[in-house]
>>> print(open('run04.tsv').read())   # TSV, C-alpha atoms and all ligand atoms
chain	number	residue	atom	x	y	z
Y	83	MET	CA	10.50	44.63	-10.92
Y	84	LEU	CA	12.60	41.59	-10.19
Y	85	VAL	CA	15.39	41.84	-7.62
Y	86	ILE	CA	17.92	39.01	-7.61
Y	87	MET	CA	20.20	38.97	-4.58
Y	88	ARG	CA	23.80	37.77	-4.65
Y	89	ALA	CA	24.33	34.16	-3.57
Y	90	ASP	CA	26.20	35.41	-0.50
Y	91	ALA	CA	23.63	38.08	0.44
Y	92	SER	CA	22.90	38.17	4.15
Y	93	GLN	CA	19.51	38.11	5.86
Y	94	GLU	CA	20.24	41.67	7.02
Y	95	GLN	CA	20.79	42.83	3.43
Y	96	MET	CA	17.49	41.28	2.41
Y	97	ARG	CA	15.77	42.94	5.34
Y	98	LEU	CA	17.23	46.30	4.34
Y	99	LEU	CA	16.09	45.82	0.76
Y	100	GLY	CA	12.56	45.16	1.99
Y	101	GLU	CA	12.71	48.17	4.28
Y	102	LYS	CA	13.84	50.46	1.46
Y	103	ALA	CA	11.11	49.21	-0.86
Y	104	VAL	CA	8.37	49.62	1.73
Y	105	SER	CA	9.61	53.07	2.77
Y	106	GLU	CA	9.29	54.16	-0.85
Y	107	GLY	CA	5.72	52.89	-1.00
Y	108	PHE	CA	6.32	49.59	-2.78
Y	109	ARG	CA	5.36	46.02	-1.92
Y	110	VAL	CA	7.89	43.21	-1.79
Y	111	ARG	CA	7.04	39.56	-2.31
Y	112	ALA	CA	9.44	36.64	-2.10
Y	113	VAL	CA	9.30	34.41	-5.19
Y	114	PRO	CA	8.12	31.01	-3.87
Y	115	GLY	CA	10.77	28.34	-4.19
Y	116	ARG	CA	13.60	30.82	-4.76
Y	117	ASP	CA	15.46	32.12	-1.73
Y	118	LEU	CA	17.16	35.07	-3.37
Y	119	VAL	CA	14.56	36.48	-5.74
Y	120	PHE	CA	12.00	39.14	-4.91
Y	121	VAL	CA	9.30	40.95	-6.82
Y	122	VAL	CA	8.86	44.63	-6.03
Y	123	THR	CA	5.68	46.33	-7.23
Y	124	GLY	CA	3.99	49.68	-6.83
Y	125	GLU	CA	0.37	50.49	-7.56
Y	126	ARG	CA	0.89	54.22	-8.11
Y	127	ARG	CA	4.28	54.10	-9.81
Y	128	ALA	CA	6.66	51.39	-10.92
Y	129	PRO	CA	9.90	50.93	-8.96
Y	130	ASP	CA	13.01	52.12	-10.78
Y	131	PRO	CA	15.50	49.23	-11.17
Y	132	ALA	CA	18.42	51.69	-11.09
Y	133	THR	CA	17.63	52.90	-7.56
Y	134	PHE	CA	17.69	49.33	-6.21
Y	135	ALA	CA	20.67	48.10	-8.24
Y	136	GLY	CA	23.18	49.71	-5.90
Y	137	GLN	CA	21.66	48.28	-2.74
Y	138	ALA	CA	24.02	46.03	-0.74
Y	139	GLY	CA	23.70	42.35	-1.63
Y	140	VAL	CA	21.76	42.96	-4.85
Y	141	ALA	CA	23.15	41.12	-7.89
Y	142	GLU	CA	20.64	42.27	-10.48
Y	143	THR	CA	17.43	44.24	-10.92
Y	144	ARG	CA	15.16	43.82	-13.89
Y	145	SER	CA	12.04	45.66	-14.92
Y	146	LEU	CA	9.30	43.25	-16.03
Y	147	ARG	CA	6.11	45.30	-15.94
Y	148	HIS	CA	3.93	42.72	-17.66
Y	149	GLY	CA	1.83	42.37	-14.53
Y	150	TYR	CA	2.45	38.67	-13.97
Y	151	GLU	CA	5.83	38.87	-12.30
Y	152	LEU	CA	5.34	35.97	-9.87
Y	153	ALA	CA	3.86	33.74	-12.56
Y	154	SER	CA	6.68	34.50	-14.97
Y	155	ARG	CA	9.55	32.26	-15.93
Y	156	GLU	CA	11.88	35.19	-15.42
Y	157	ALA	CA	11.12	35.01	-11.70
Y	158	HIS	CA	10.99	31.21	-11.53
Y	159	PRO	CA	12.83	29.38	-14.33
Y	160	ASP	CA	11.94	25.87	-13.11
Y	161	ASP	CA	8.51	24.34	-13.68
Y	162	THR	CA	6.26	24.54	-10.67
Y	163	ILE	CA	4.79	21.25	-9.48
Y	164	VAL	CA	1.43	21.58	-7.75
Y	165	ALA	CA	0.45	18.75	-5.43
Y	166	VAL	CA	-3.29	18.09	-5.60
Y	167	GLY	CA	-3.96	15.76	-2.69
Y	168	GLY	CA	-0.54	14.21	-3.31
Y	169	VAL	CA	-0.85	13.99	-7.12
Y	170	PRO	CA	1.88	16.11	-8.72
Y	171	VAL	CA	0.63	18.33	-11.54
Y	172	GLY	CA	3.38	19.90	-13.62
Y	173	GLY	CA	6.13	17.38	-13.05
Y	174	ARG	CA	7.33	14.95	-15.67
Y	175	ALA	CA	4.26	12.76	-15.29
Y	176	PHE	CA	0.99	13.44	-17.13
Y	177	VAL	CA	-2.22	13.55	-15.09
Y	178	VAL	CA	-5.84	12.89	-15.98
Y	179	VAL	CA	-8.76	14.47	-14.15
Y	180	GLY	CA	-12.14	12.86	-14.76
Y	181	GLY	CA	-15.61	12.96	-13.31
Y	182	PRO	CA	-19.09	14.30	-13.82
Y	183	CYS	CA	-19.83	17.91	-14.66
Y	184	ALA	CA	-22.13	18.02	-11.65
Y	185	VAL	CA	-22.48	15.81	-8.61
Y	186	GLU	CA	-26.02	14.50	-8.85
Y	187	SER	CA	-26.11	11.73	-6.26
Y	188	LEU	CA	-23.86	9.49	-4.18
Y	189	GLU	CA	-24.52	6.48	-6.42
Y	190	GLN	CA	-23.74	8.39	-9.63
Y	191	THR	CA	-20.56	9.94	-8.25
Y	192	LEU	CA	-19.25	6.72	-6.70
Y	193	ALA	CA	-19.92	4.76	-9.88
Y	194	VAL	CA	-17.95	7.26	-11.99
Y	195	ALA	CA	-15.19	7.66	-9.40
Y	196	ARG	CA	-14.66	3.88	-9.30
Y	197	ARG	CA	-14.36	3.75	-13.07
Y	198	VAL	CA	-12.01	6.75	-13.20
Y	199	LYS	CA	-9.84	5.08	-10.60
Y	200	ALA	CA	-9.95	1.65	-12.26
Y	201	ALA	CA	-8.96	3.14	-15.62
Y	202	GLY	CA	-5.91	4.80	-14.04
Y	203	GLY	CA	-7.28	8.34	-13.69
Y	204	HIS	CA	-5.65	10.48	-11.03
Y	205	ILE	CA	-8.06	13.16	-9.78
Y	206	LEU	CA	-11.85	13.25	-9.47
Y	207	ARG	CA	-13.73	16.31	-10.66
Y	208	GLY	CA	-17.36	17.20	-9.99
Y	209	GLY	CA	-19.33	20.38	-9.41
Y	210	ALA	CA	-21.37	20.97	-6.27
Y	211	PHE	CA	-21.92	24.63	-7.18
Y	212	LYS	CA	-22.60	25.01	-10.89
Y	213	PRO	CA	-22.26	28.23	-12.94
Y	214	ARG	CA	-25.24	27.64	-15.23
Y	215	THR	CA	-26.22	29.93	-18.09
Y	216	HIS	CA	-29.88	29.88	-17.03
Y	217	PRO	CA	-31.28	30.20	-13.53
Y	218	TYR	CA	-33.75	27.35	-14.03
Y	219	SER	CA	-31.08	24.75	-14.85
Y	220	PHE	CA	-29.70	22.34	-12.22
Y	221	GLN	CA	-27.52	24.47	-9.93
Y	222	GLY	CA	-25.77	21.65	-8.04
Y	223	LEU	CA	-26.27	20.02	-4.64
Y	224	GLY	CA	-24.17	22.50	-2.66
Y	225	GLU	CA	-22.72	21.13	0.60
Y	226	GLU	CA	-24.41	17.77	0.06
Y	227	GLY	CA	-22.46	17.50	-3.20
Y	228	LEU	CA	-19.22	18.30	-1.41
Y	229	LYS	CA	-19.93	15.54	1.12
Y	230	ILE	CA	-20.52	13.11	-1.72
Y	231	LEU	CA	-17.19	14.06	-3.29
Y	232	ALA	CA	-15.46	13.54	0.05
Y	233	ALA	CA	-17.08	10.10	0.32
Y	234	ALA	CA	-15.87	9.23	-3.19
Y	235	ARG	CA	-12.36	10.29	-2.21
Y	236	GLU	CA	-12.59	8.20	0.93
Y	237	GLU	CA	-13.46	5.11	-1.05
Y	238	THR	CA	-11.24	5.51	-4.11
Y	239	GLY	CA	-8.33	7.56	-2.76
Y	240	LEU	CA	-8.74	10.01	-5.66
Y	241	PRO	CA	-8.19	13.66	-4.68
Y	242	VAL	CA	-11.08	15.93	-5.50
Y	243	VAL	CA	-11.33	19.22	-7.38
Y	244	THR	CA	-14.52	21.26	-7.28
Y	245	GLU	CA	-15.62	24.80	-8.02
Y	246	ALA	CA	-16.35	27.72	-5.71
Y	247	LEU	CA	-18.57	30.26	-7.45
Y	248	ASP	CA	-18.07	33.13	-5.06
Y	249	VAL	CA	-16.07	34.34	-2.09
Y	250	ASP	CA	-18.67	33.14	0.41
Y	251	GLN	CA	-18.43	29.54	-0.80
Y	252	VAL	CA	-14.66	29.22	-0.45
Y	253	ASP	CA	-14.63	28.39	3.30
Y	254	MET	CA	-16.94	25.46	2.69
Y	255	VAL	CA	-15.28	24.23	-0.51
Y	256	GLU	CA	-11.82	24.24	1.04
Y	257	ARG	CA	-13.07	22.10	3.92
Y	258	TYR	CA	-13.96	19.27	1.54
Y	259	ALA	CA	-11.86	19.67	-1.62
Y	260	ASP	CA	-8.22	18.97	-2.42
Y	261	ALA	CA	-8.20	21.80	-4.98
Y	262	ILE	CA	-10.53	24.74	-5.57
Y	263	GLN	CA	-11.66	25.38	-9.11
Y	264	VAL	CA	-12.21	28.93	-10.34
Y	265	GLY	CA	-14.38	28.66	-13.43
Y	266	SER	CA	-14.07	30.35	-16.78
Y	267	ARG	CA	-16.77	32.90	-16.00
Y	268	ASN	CA	-15.02	33.82	-12.77
Y	269	MET	CA	-11.52	34.24	-14.14
Y	270	HIS	CA	-12.06	38.00	-13.88
Y	271	ASN	CA	-13.65	37.84	-10.40
Y	272	PHE	CA	-10.84	39.58	-8.56
Y	273	PRO	CA	-12.23	39.30	-5.01
Y	274	LEU	CA	-12.63	35.54	-5.56
Y	275	LEU	CA	-9.09	35.28	-6.94
Y	276	ARG	CA	-7.74	37.11	-3.91
Y	277	ARG	CA	-9.71	34.89	-1.54
Y	278	VAL	CA	-8.45	31.63	-3.07
Y	279	GLY	CA	-5.01	33.24	-3.02
Y	280	ARG	CA	-5.27	33.19	0.78
Y	281	SER	CA	-6.29	29.53	0.80
Y	282	ARG	CA	-3.92	26.71	1.62
Y	283	LYS	CA	-5.53	24.54	-1.05
Y	284	PRO	CA	-4.28	24.50	-4.67
Y	285	VAL	CA	-6.28	26.45	-7.22
Y	286	LEU	CA	-7.37	25.18	-10.62
Y	287	LEU	CA	-7.83	28.37	-12.61
Y	288	LYS	CA	-9.77	28.07	-15.85
Y	289	ARG	CA	-9.15	30.47	-18.68
Y	290	GLY	CA	-11.93	32.95	-19.33
Y	291	PHE	CA	-13.54	32.05	-22.65
Y	292	ALA	CA	-12.51	35.39	-24.11
Y	293	ALA	CA	-9.31	35.96	-22.13
Y	294	THR	CA	-5.93	36.68	-23.66
Y	295	LEU	CA	-2.77	35.04	-22.37
Y	296	GLU	CA	-1.92	38.24	-20.50
Y	297	GLU	CA	-5.32	38.39	-18.83
Y	298	PHE	CA	-5.08	34.69	-17.92
Y	299	LEU	CA	-1.70	35.14	-16.27
Y	300	GLY	CA	-2.89	38.39	-14.68
Y	301	ALA	CA	-5.66	36.38	-13.00
Y	302	ALA	CA	-3.14	33.75	-11.84
Y	303	GLU	CA	-0.99	36.58	-10.47
Y	304	TYR	CA	-3.86	37.70	-8.22
Y	305	VAL	CA	-3.76	34.27	-6.59
Y	306	LEU	CA	0.04	34.15	-6.34
Y	307	ALA	CA	0.26	37.71	-5.02
Y	308	GLU	CA	-1.85	36.72	-2.00
Y	309	GLY	CA	0.67	34.02	-1.14
Y	310	ASN	CA	-0.81	30.87	-2.72
Y	311	ASP	CA	1.80	29.54	-5.16
Y	312	GLN	CA	-0.18	26.37	-5.93
Y	313	VAL	CA	-1.91	27.35	-9.17
Y	314	VAL	CA	-2.76	25.04	-12.06
Y	315	LEU	CA	-3.91	26.77	-15.26
Y	316	CYS	CA	-6.61	25.19	-17.41
Y	317	GLU	CA	-7.32	25.94	-21.08
Y	318	ARG	CA	-11.02	25.13	-21.59
Y	319	GLY	CA	-11.78	26.60	-24.99
Y	320	ILE	CA	-12.31	30.11	-26.20
Y	321	ARG	CA	-15.25	31.55	-28.07
Y	322	THR	CA	-14.61	31.78	-31.80
Y	323	PHE	CA	-16.63	31.76	-35.03
Y	324	SER	CA	-16.66	27.96	-35.02
Y	325	ASP	CA	-20.05	26.59	-36.03
Y	326	PHE	CA	-19.20	22.98	-35.27
Y	327	SER	CA	-18.09	23.13	-31.64
Y	328	ARG	CA	-19.15	24.93	-28.48
Y	329	ASN	CA	-15.79	26.68	-28.17
Y	330	THR	CA	-12.35	26.20	-29.73
Y	331	LEU	CA	-9.67	24.39	-27.73
Y	332	ASP	CA	-6.77	26.81	-28.00
Y	333	LEU	CA	-3.89	24.36	-27.96
Y	334	THR	CA	-1.61	27.15	-29.11
Y	335	ILE	CA	-1.67	28.67	-25.66
Y	336	VAL	CA	0.00	25.60	-24.13
Y	337	PRO	CA	3.49	26.10	-25.60
Y	338	ALA	CA	3.00	29.87	-25.37
Y	339	LEU	CA	2.32	29.62	-21.63
Y	340	LYS	CA	5.15	27.15	-21.12
Y	341	GLN	CA	7.50	29.73	-22.56
Y	342	VAL	CA	6.52	32.63	-20.35
Y	343	SER	CA	5.28	30.94	-17.17
Y	344	HIS	CA	6.37	28.20	-14.79
Y	345	LEU	CA	2.82	27.24	-13.82
Y	346	PRO	CA	1.40	23.87	-14.90
Y	347	ILE	CA	-1.26	23.91	-17.60
Y	348	ILE	CA	-3.91	21.28	-18.29
Y	349	VAL	CA	-6.53	21.24	-21.06
Y	350	ASP	CA	-10.26	20.57	-20.83
Y	351	PRO	CA	-11.60	19.25	-24.14
Y	352	SER	CA	-15.12	18.75	-22.74
Y	353	HIS	CA	-15.93	22.42	-22.25
Y	354	ALA	CA	-13.94	23.34	-25.34
Y	355	ALA	CA	-15.65	21.08	-27.84
Y	356	GLY	CA	-19.02	20.61	-26.22
Y	357	ARG	CA	-19.13	17.33	-28.17
Y	358	ARG	CA	-18.43	13.86	-26.88
Y	359	ASP	CA	-16.95	12.61	-30.16
Y	360	MET	CA	-14.11	15.12	-29.94
Y	361	ILE	CA	-12.99	14.48	-26.37
Y	362	VAL	CA	-10.67	11.55	-26.98
Y	363	PRO	CA	-8.92	13.08	-30.03
Y	364	LEU	CA	-8.53	16.47	-28.32
Y	365	SER	CA	-7.20	14.79	-25.18
Y	366	ARG	CA	-4.58	13.04	-27.30
Y	367	ALA	CA	-3.75	16.43	-28.82
Y	368	GLY	CA	-3.41	17.98	-25.38
Y	369	ALA	CA	-0.87	15.36	-24.41
Y	370	ALA	CA	0.99	15.81	-27.69
Y	371	VAL	CA	1.22	19.59	-27.42
Y	372	GLY	CA	2.89	19.43	-24.01
Y	373	ALA	CA	0.08	20.02	-21.53
Y	374	ASP	CA	0.65	18.65	-18.03
Y	375	GLY	CA	-2.70	16.91	-17.99
Y	376	VAL	CA	-6.27	16.79	-19.25
Y	377	MET	CA	-9.60	17.20	-17.51
Y	378	VAL	CA	-12.67	15.54	-18.98
Y	379	GLU	CA	-16.28	15.00	-17.99
Y	380	VAL	CA	-17.33	11.40	-17.44
Y	381	TYR	CA	-20.73	9.81	-16.83
Y	382	GLU	CA	-21.91	6.23	-16.74
Y	383	ASP	CA	-24.72	7.32	-19.05
Y	384	PRO	CA	-24.09	10.86	-20.36
Y	385	CYS	CA	-27.51	10.89	-22.04
Y	386	VAL	CA	-29.29	11.27	-18.71
Y	387	ALA	CA	-26.84	13.78	-17.15
Y	388	LEU	CA	-28.39	16.89	-15.60
Y	389	CYS	CA	-25.52	19.03	-16.87
Y	390	ASP	CA	-23.21	18.93	-19.91
Y	391	GLY	CA	-24.05	15.36	-20.93
Y	392	ALA	CA	-23.33	16.12	-24.59
Y	393	GLN	CA	-19.70	16.83	-23.81
Y	394	ALA	CA	-19.04	13.96	-21.43
Y	395	VAL	CA	-17.55	10.59	-22.31
Y	396	ALA	CA	-19.12	7.37	-21.15
Y	397	THR	CA	-17.02	5.32	-18.76
Y	398	ASP	CA	-16.02	2.82	-21.50
Y	399	ASP	CA	-14.68	5.68	-23.60
Y	400	PHE	CA	-12.77	6.95	-20.58
Y	401	ASP	CA	-10.92	3.61	-20.54
Y	402	LEU	CA	-10.03	4.15	-24.21
Y	403	LEU	CA	-8.97	7.74	-23.48
Y	404	MET	CA	-6.62	6.60	-20.74
Y	405	ARG	CA	-4.98	4.03	-22.99
Y	406	GLN	CA	-4.54	6.35	-25.97
Y	407	VAL	CA	-3.58	9.46	-24.02
Y	408	GLY	CA	-1.12	7.34	-22.07
Y	409	ARG	CA	0.60	6.25	-25.28
Y	410	VAL	CA	0.73	9.77	-26.72
Y	411	ALA	CA	2.01	11.24	-23.46
Y	412	GLU	CA	4.65	8.53	-23.28
Y	413	SER	CA	5.78	9.37	-26.82
Y	414	VAL	CA	6.60	12.94	-25.68
Y	415	ASP	CA	8.37	11.65	-22.57
Y	416	ARG	CA	5.48	12.37	-20.22
Y	417	PRO	CA	4.37	9.00	-18.85
Y	418	LEU	CA	1.07	8.85	-17.00
Y	419	TYR	CA	1.50	9.49	-13.30
Y	420	LYS	CA	1.75	6.29	-11.31
Y	421	LYS	CA	1.86	6.46	-7.55
Y	422	ALA	CA	3.63	3.11	-7.26
Y	423	SER	CA	6.52	4.13	-9.49
Y	424	ARG	CA	7.15	7.17	-7.34
Y	425	THR	CA	7.23	5.03	-4.22
Y	426	LEU	CA	9.61	2.63	-5.95
Y	427	ARG	CA	11.87	5.50	-6.96
Y	428	ALA	CA	11.86	6.78	-3.39
Y	429	VAL	CA	12.78	3.30	-2.14
Y	430	ALA	CA	15.47	2.98	-4.83
Y	431	GLY	CA	16.76	6.43	-3.88
Y	432	SER	CA	17.01	5.58	-0.19
Y	433	VAL	CA	18.85	2.34	-0.97
Y	434	ALA	CA	21.31	4.07	-3.33
N	1	LIG	C1	-16.72	22.99	-15.23
N	1	LIG	O1	-15.55	22.60	-15.26
N	1	LIG	O2	-17.65	22.30	-14.77
N	1	LIG	C2	-17.07	24.31	-15.78
N	1	LIG	C3	-18.22	24.91	-15.49
N	1	LIG	O3	-16.13	24.78	-16.60
N	1	LIG	P1	-15.93	26.25	-17.24
N	1	LIG	O4	-15.81	27.17	-16.08
N	1	LIG	O5	-14.67	26.09	-18.01
N	1	LIG	O6	-17.12	26.51	-18.11
N	2	MN	MN	-19.44	21.05	-17.26
>>> encode(input="run04.tsv", output="structure tokens")
Amino acid sequence: MLVIMRADASQEQMRLLGEKAVSEGFRVRAVPGRDLVFVVTGERRAPDPATFAGQAGVAETRSLRHGYELASREAHPDDTIVAVGGVPVGGRAFVVVGGPCAVESLEQTLAVARRVKAAGGHILRGGAFKPRTHPYSFQGLGEEGLKILAAAREETGLPVVTEALDVDQVDMVERYADAIQVGSRNMHNFPLLRRVGRSRKPVLLKRGFAATLEEFLGAAEYVLAEGNDQVVLCERGIRTFSDFSRNTLDLTIVPALKQVSHLPIIVDPSHAAGRRDMIVPLSRAGAAVGADGVMVEVYEDPCVALCDGAQAVATDDFDLLMRQVGRVAESVDRPLYKKASRTLRAVAGSVA
């Protein structure tokens, strides 16, 4: 249930509302970024909007009951902007995340990071802990990989996003990363969602490959409900009957999510298509459909990659992607993020 207080509601009235809710066995959470809006939930029974409507200072109560109250636009009409190491995801600007599937070595990661940076990319991706289908495949370098990512950030200034596979890895990942990725296979890992919900780092939450919109937002709600409001959603392809691609990039979910949620959403054509030749066109499509960014896998030589080489672009193609995606994004009024232009605007604003 949503409780919207009157604009002139006092702190005391809000305290009394909280007290009433808790005394009746409910939990109250403040909607981040909105001073006067609260979400009241109950695990055993739903709160009755009528019993809270008469409470002093309350303007409106509304039953939502879809299970993603904090993620919903009803609770938070404005788009949320998530800052990943200073790069805003979900604002007007479009962002591009690029990097290898897995961190293999310092040389490999630095070489790709330099090219991502030079092409105008905004965030570096790379896995140190890899969720592989088979136990004998390359599992990632672990902490050594995280150190390599931190070194690449140090040199290029690109913030870093990397995956934590389980609760025990989160402490370590949050020490090195600017954002913690929760992978597709872990979208339903509720203890992990709760743990990253208690982190101070933003969370990049990938859609489970068989998850509905409701399940996806339910997973995001686990993170938000623990107090972390910095969640970026990522559509990375769902399993369908396609016999020409690894998964199917569900672009349809982008406008659907925009309608019901305030959280930013990026698309990942690499894991969706599983094919290099589709990454640039699907990235253009992601920009056109209104995503807030794209995430793609990039290698200097994808043919020798230890993980997901078939779905990674070579660095030259990443240059092309940046140019074309930039033009498409611009055409839907979402220019590529540029740090300098923000600084200029800030300067202009302070002069004005
Ligand atoms: C990844 O981004 O490296 C990854 C493993 O993605 P997903 O969880 O979407 O398969
Ligand atoms: Mn991968």
>>> closest_atom_pairs(input="run04.tsv", of="chain Y", to="ligand MN 2 (chain N)", cutoff="12 Å", atoms="all atoms listed in the file", output="Markdown table")
| residue | atom | partner | partner_atom | distance |
| --- | --- | --- | --- | --- |
| Y:Gly180 | CA | N:MN2 | MN | 11.3 |
| Y:Gly181 | CA | N:MN2 | MN | 9.8 |
| Y:Pro182 | CA | N:MN2 | MN | 7.6 |
| Y:Cys183 | CA | N:MN2 | MN | 4.1 |
| Y:Ala184 | CA | N:MN2 | MN | 6.9 |
| Y:Val185 | CA | N:MN2 | MN | 10.6 |
| Y:Arg207 | CA | N:MN2 | MN | 9.9 |
| Y:Gly208 | CA | N:MN2 | MN | 8.5 |
| Y:Gly209 | CA | N:MN2 | MN | 7.9 |
| Y:Ala210 | CA | N:MN2 | MN | 11.2 |
| Y:Phe211 | CA | N:MN2 | MN | 11.0 |
| Y:Lys212 | CA | N:MN2 | MN | 8.1 |
| Y:Pro213 | CA | N:MN2 | MN | 8.8 |
| Y:Arg214 | CA | N:MN2 | MN | 9.0 |
| Y:Thr215 | CA | N:MN2 | MN | 11.2 |
| Y:Phe220 | CA | N:MN2 | MN | 11.5 |
| Y:Gln221 | CA | N:MN2 | MN | 11.4 |
| Y:Gly222 | CA | N:MN2 | MN | 11.2 |
| Y:Thr244 | CA | N:MN2 | MN | 11.1 |
| Y:Glu245 | CA | N:MN2 | MN | 10.7 |
| Y:Gly265 | CA | N:MN2 | MN | 9.9 |
| Y:Ser266 | CA | N:MN2 | MN | 10.7 |
| Y:Arg318 | CA | N:MN2 | MN | 10.3 |
| Y:Arg328 | CA | N:MN2 | MN | 11.9 |
| Y:Asp350 | CA | N:MN2 | MN | 9.9 |
| Y:Pro351 | CA | N:MN2 | MN | 10.6 |
| Y:Ser352 | CA | N:MN2 | MN | 7.3 |
| Y:His353 | CA | N:MN2 | MN | 6.3 |
| Y:Ala354 | CA | N:MN2 | MN | 10.0 |
| Y:Ala355 | CA | N:MN2 | MN | 11.2 |
| Y:Gly356 | CA | N:MN2 | MN | 9.0 |
| Y:Arg357 | CA | N:MN2 | MN | 11.5 |
| Y:Met377 | CA | N:MN2 | MN | 10.6 |
| Y:Val378 | CA | N:MN2 | MN | 8.9 |
| Y:Glu379 | CA | N:MN2 | MN | 6.9 |
| Y:Val380 | CA | N:MN2 | MN | 9.9 |
| Y:Tyr381 | CA | N:MN2 | MN | 11.3 |
| Y:Pro384 | CA | N:MN2 | MN | 11.6 |
| Y:Ala387 | CA | N:MN2 | MN | 10.4 |
| Y:Leu388 | CA | N:MN2 | MN | 10.0 |
| Y:Cys389 | CA | N:MN2 | MN | 6.4 |
| Y:Asp390 | CA | N:MN2 | MN | 5.1 |
| Y:Gly391 | CA | N:MN2 | MN | 8.2 |
| Y:Ala392 | CA | N:MN2 | MN | 9.7 |
| Y:Gln393 | CA | N:MN2 | MN | 7.8 |
| Y:Ala394 | CA | N:MN2 | MN | 8.2 |
| Y:Val395 | CA | N:MN2 | MN | 11.8 |
>>> write_last_selection(input="run04.tsv", atoms="C-alpha atoms", output="CSV table (one decimal), in the coordinates of the input")
chain,number,residue,atom,x,y,z
Y,180,GLY,CA,-12.1,12.9,-14.8
Y,181,GLY,CA,-15.6,13.0,-13.3
Y,182,PRO,CA,-19.1,14.3,-13.8
Y,183,CYS,CA,-19.8,17.9,-14.7
Y,184,ALA,CA,-22.1,18.0,-11.6
Y,185,VAL,CA,-22.5,15.8,-8.6
Y,207,ARG,CA,-13.7,16.3,-10.7
Y,208,GLY,CA,-17.4,17.2,-10.0
Y,209,GLY,CA,-19.3,20.4,-9.4
Y,210,ALA,CA,-21.4,21.0,-6.3
Y,211,PHE,CA,-21.9,24.6,-7.2
Y,212,LYS,CA,-22.6,25.0,-10.9
Y,213,PRO,CA,-22.3,28.2,-12.9
Y,214,ARG,CA,-25.2,27.6,-15.2
Y,215,THR,CA,-26.2,29.9,-18.1
Y,220,PHE,CA,-29.7,22.3,-12.2
Y,221,GLN,CA,-27.5,24.5,-9.9
Y,222,GLY,CA,-25.8,21.6,-8.0
Y,244,THR,CA,-14.5,21.3,-7.3
Y,245,GLU,CA,-15.6,24.8,-8.0
Y,265,GLY,CA,-14.4,28.7,-13.4
Y,266,SER,CA,-14.1,30.4,-16.8
Y,318,ARG,CA,-11.0,25.1,-21.6
Y,328,ARG,CA,-19.2,24.9,-28.5
Y,350,ASP,CA,-10.3,20.6,-20.8
Y,351,PRO,CA,-11.6,19.2,-24.1
Y,352,SER,CA,-15.1,18.8,-22.7
Y,353,HIS,CA,-15.9,22.4,-22.2
Y,354,ALA,CA,-13.9,23.3,-25.3
Y,355,ALA,CA,-15.6,21.1,-27.8
Y,356,GLY,CA,-19.0,20.6,-26.2
Y,357,ARG,CA,-19.1,17.3,-28.2
Y,377,MET,CA,-9.6,17.2,-17.5
Y,378,VAL,CA,-12.7,15.5,-19.0
Y,379,GLU,CA,-16.3,15.0,-18.0
Y,380,VAL,CA,-17.3,11.4,-17.4
Y,381,TYR,CA,-20.7,9.8,-16.8
Y,384,PRO,CA,-24.1,10.9,-20.4
Y,387,ALA,CA,-26.8,13.8,-17.2
Y,388,LEU,CA,-28.4,16.9,-15.6
Y,389,CYS,CA,-25.5,19.0,-16.9
Y,390,ASP,CA,-23.2,18.9,-19.9
Y,391,GLY,CA,-24.0,15.4,-20.9
Y,392,ALA,CA,-23.3,16.1,-24.6
Y,393,GLN,CA,-19.7,16.8,-23.8
Y,394,ALA,CA,-19.0,14.0,-21.4
Y,395,VAL,CA,-17.6,10.6,-22.3
>>> atom_distance(input="run04.tsv", atom1="atom CA of Y:Arg235", atom2="atom CA of Y:Pro170")
16.7 Å
>>> atom_distance(input="run04.tsv", atom1="atom CA of Y:Asp160", atom2="atom CA of Y:Ser92")
23.9 Å
>>> atom_distance(input="run04.tsv", atom1="atom CA of Y:Gly115", atom2="atom CA of Y:Ala246")
27.2 Å
>>> closest_residue(input="run04.tsv", among="Y:Val252, Y:Ala259, Y:Ala302, Y:Val85", to="Y:Arg116", atoms="only C-alpha atoms")
Y:Val85
>>> residues_around(input="run04.tsv", residues="Y:Glu237", least_positions_apart="4", cutoff="10 Å", atoms="only C-alpha atoms", output="PyMOL selection string")
chain Y and resi 192+195-196+231-233
>>> write_last_selection(input="run04.tsv", atoms="C-alpha atoms", output="PDB file, in the coordinates of the input")
ATOM      1  CA  LEU Y 192     -19.250   6.720  -6.700  1.00  0.00           C
ATOM      2  CA  ALA Y 195     -15.190   7.660  -9.400  1.00  0.00           C
ATOM      3  CA  ARG Y 196     -14.660   3.880  -9.300  1.00  0.00           C
ATOM      4  CA  LEU Y 231     -17.190  14.060  -3.290  1.00  0.00           C
ATOM      5  CA  ALA Y 232     -15.460  13.540   0.050  1.00  0.00           C
ATOM      6  CA  ALA Y 233     -17.080  10.100   0.320  1.00  0.00           C
TER       7      ALA Y 233
END
>>> closest_residue(input="run04.tsv", among="Y:Leu287, Y:Val113, Y:Val255, Y:Ile163", to="ligand LIG 1 (chain N)", atoms="all atoms listed in the file")
Y:Leu287
>>> closest_residue(input="run04.tsv", among="Y:Ala138, Y:Leu228, Y:Val194, Y:Leu84", to="Y:His158", atoms="all atoms listed in the file")
Y:Leu84
>>> closest_residue(input="run04.tsv", among="Y:Gly139, Y:Val121, Y:Asp130, Y:Lys340", to="Y:Gln95", atoms="all atoms listed in the file")
Y:Gly139
>>> closest_residue(input="run04.tsv", among="Y:Phe400, Y:Met269, Y:Pro363, Y:Glu382", to="ligand LIG 1 (chain N)", atoms="only C-alpha atoms and all ligand atoms")
Y:Met269
>>> closest_residue(input="run04.tsv", among="Y:Gly290, Y:Gly168, Y:Pro241, Y:Gly203", to="ligand LIG 1 (chain N)", atoms="only C-alpha atoms and all ligand atoms")
Y:Gly290
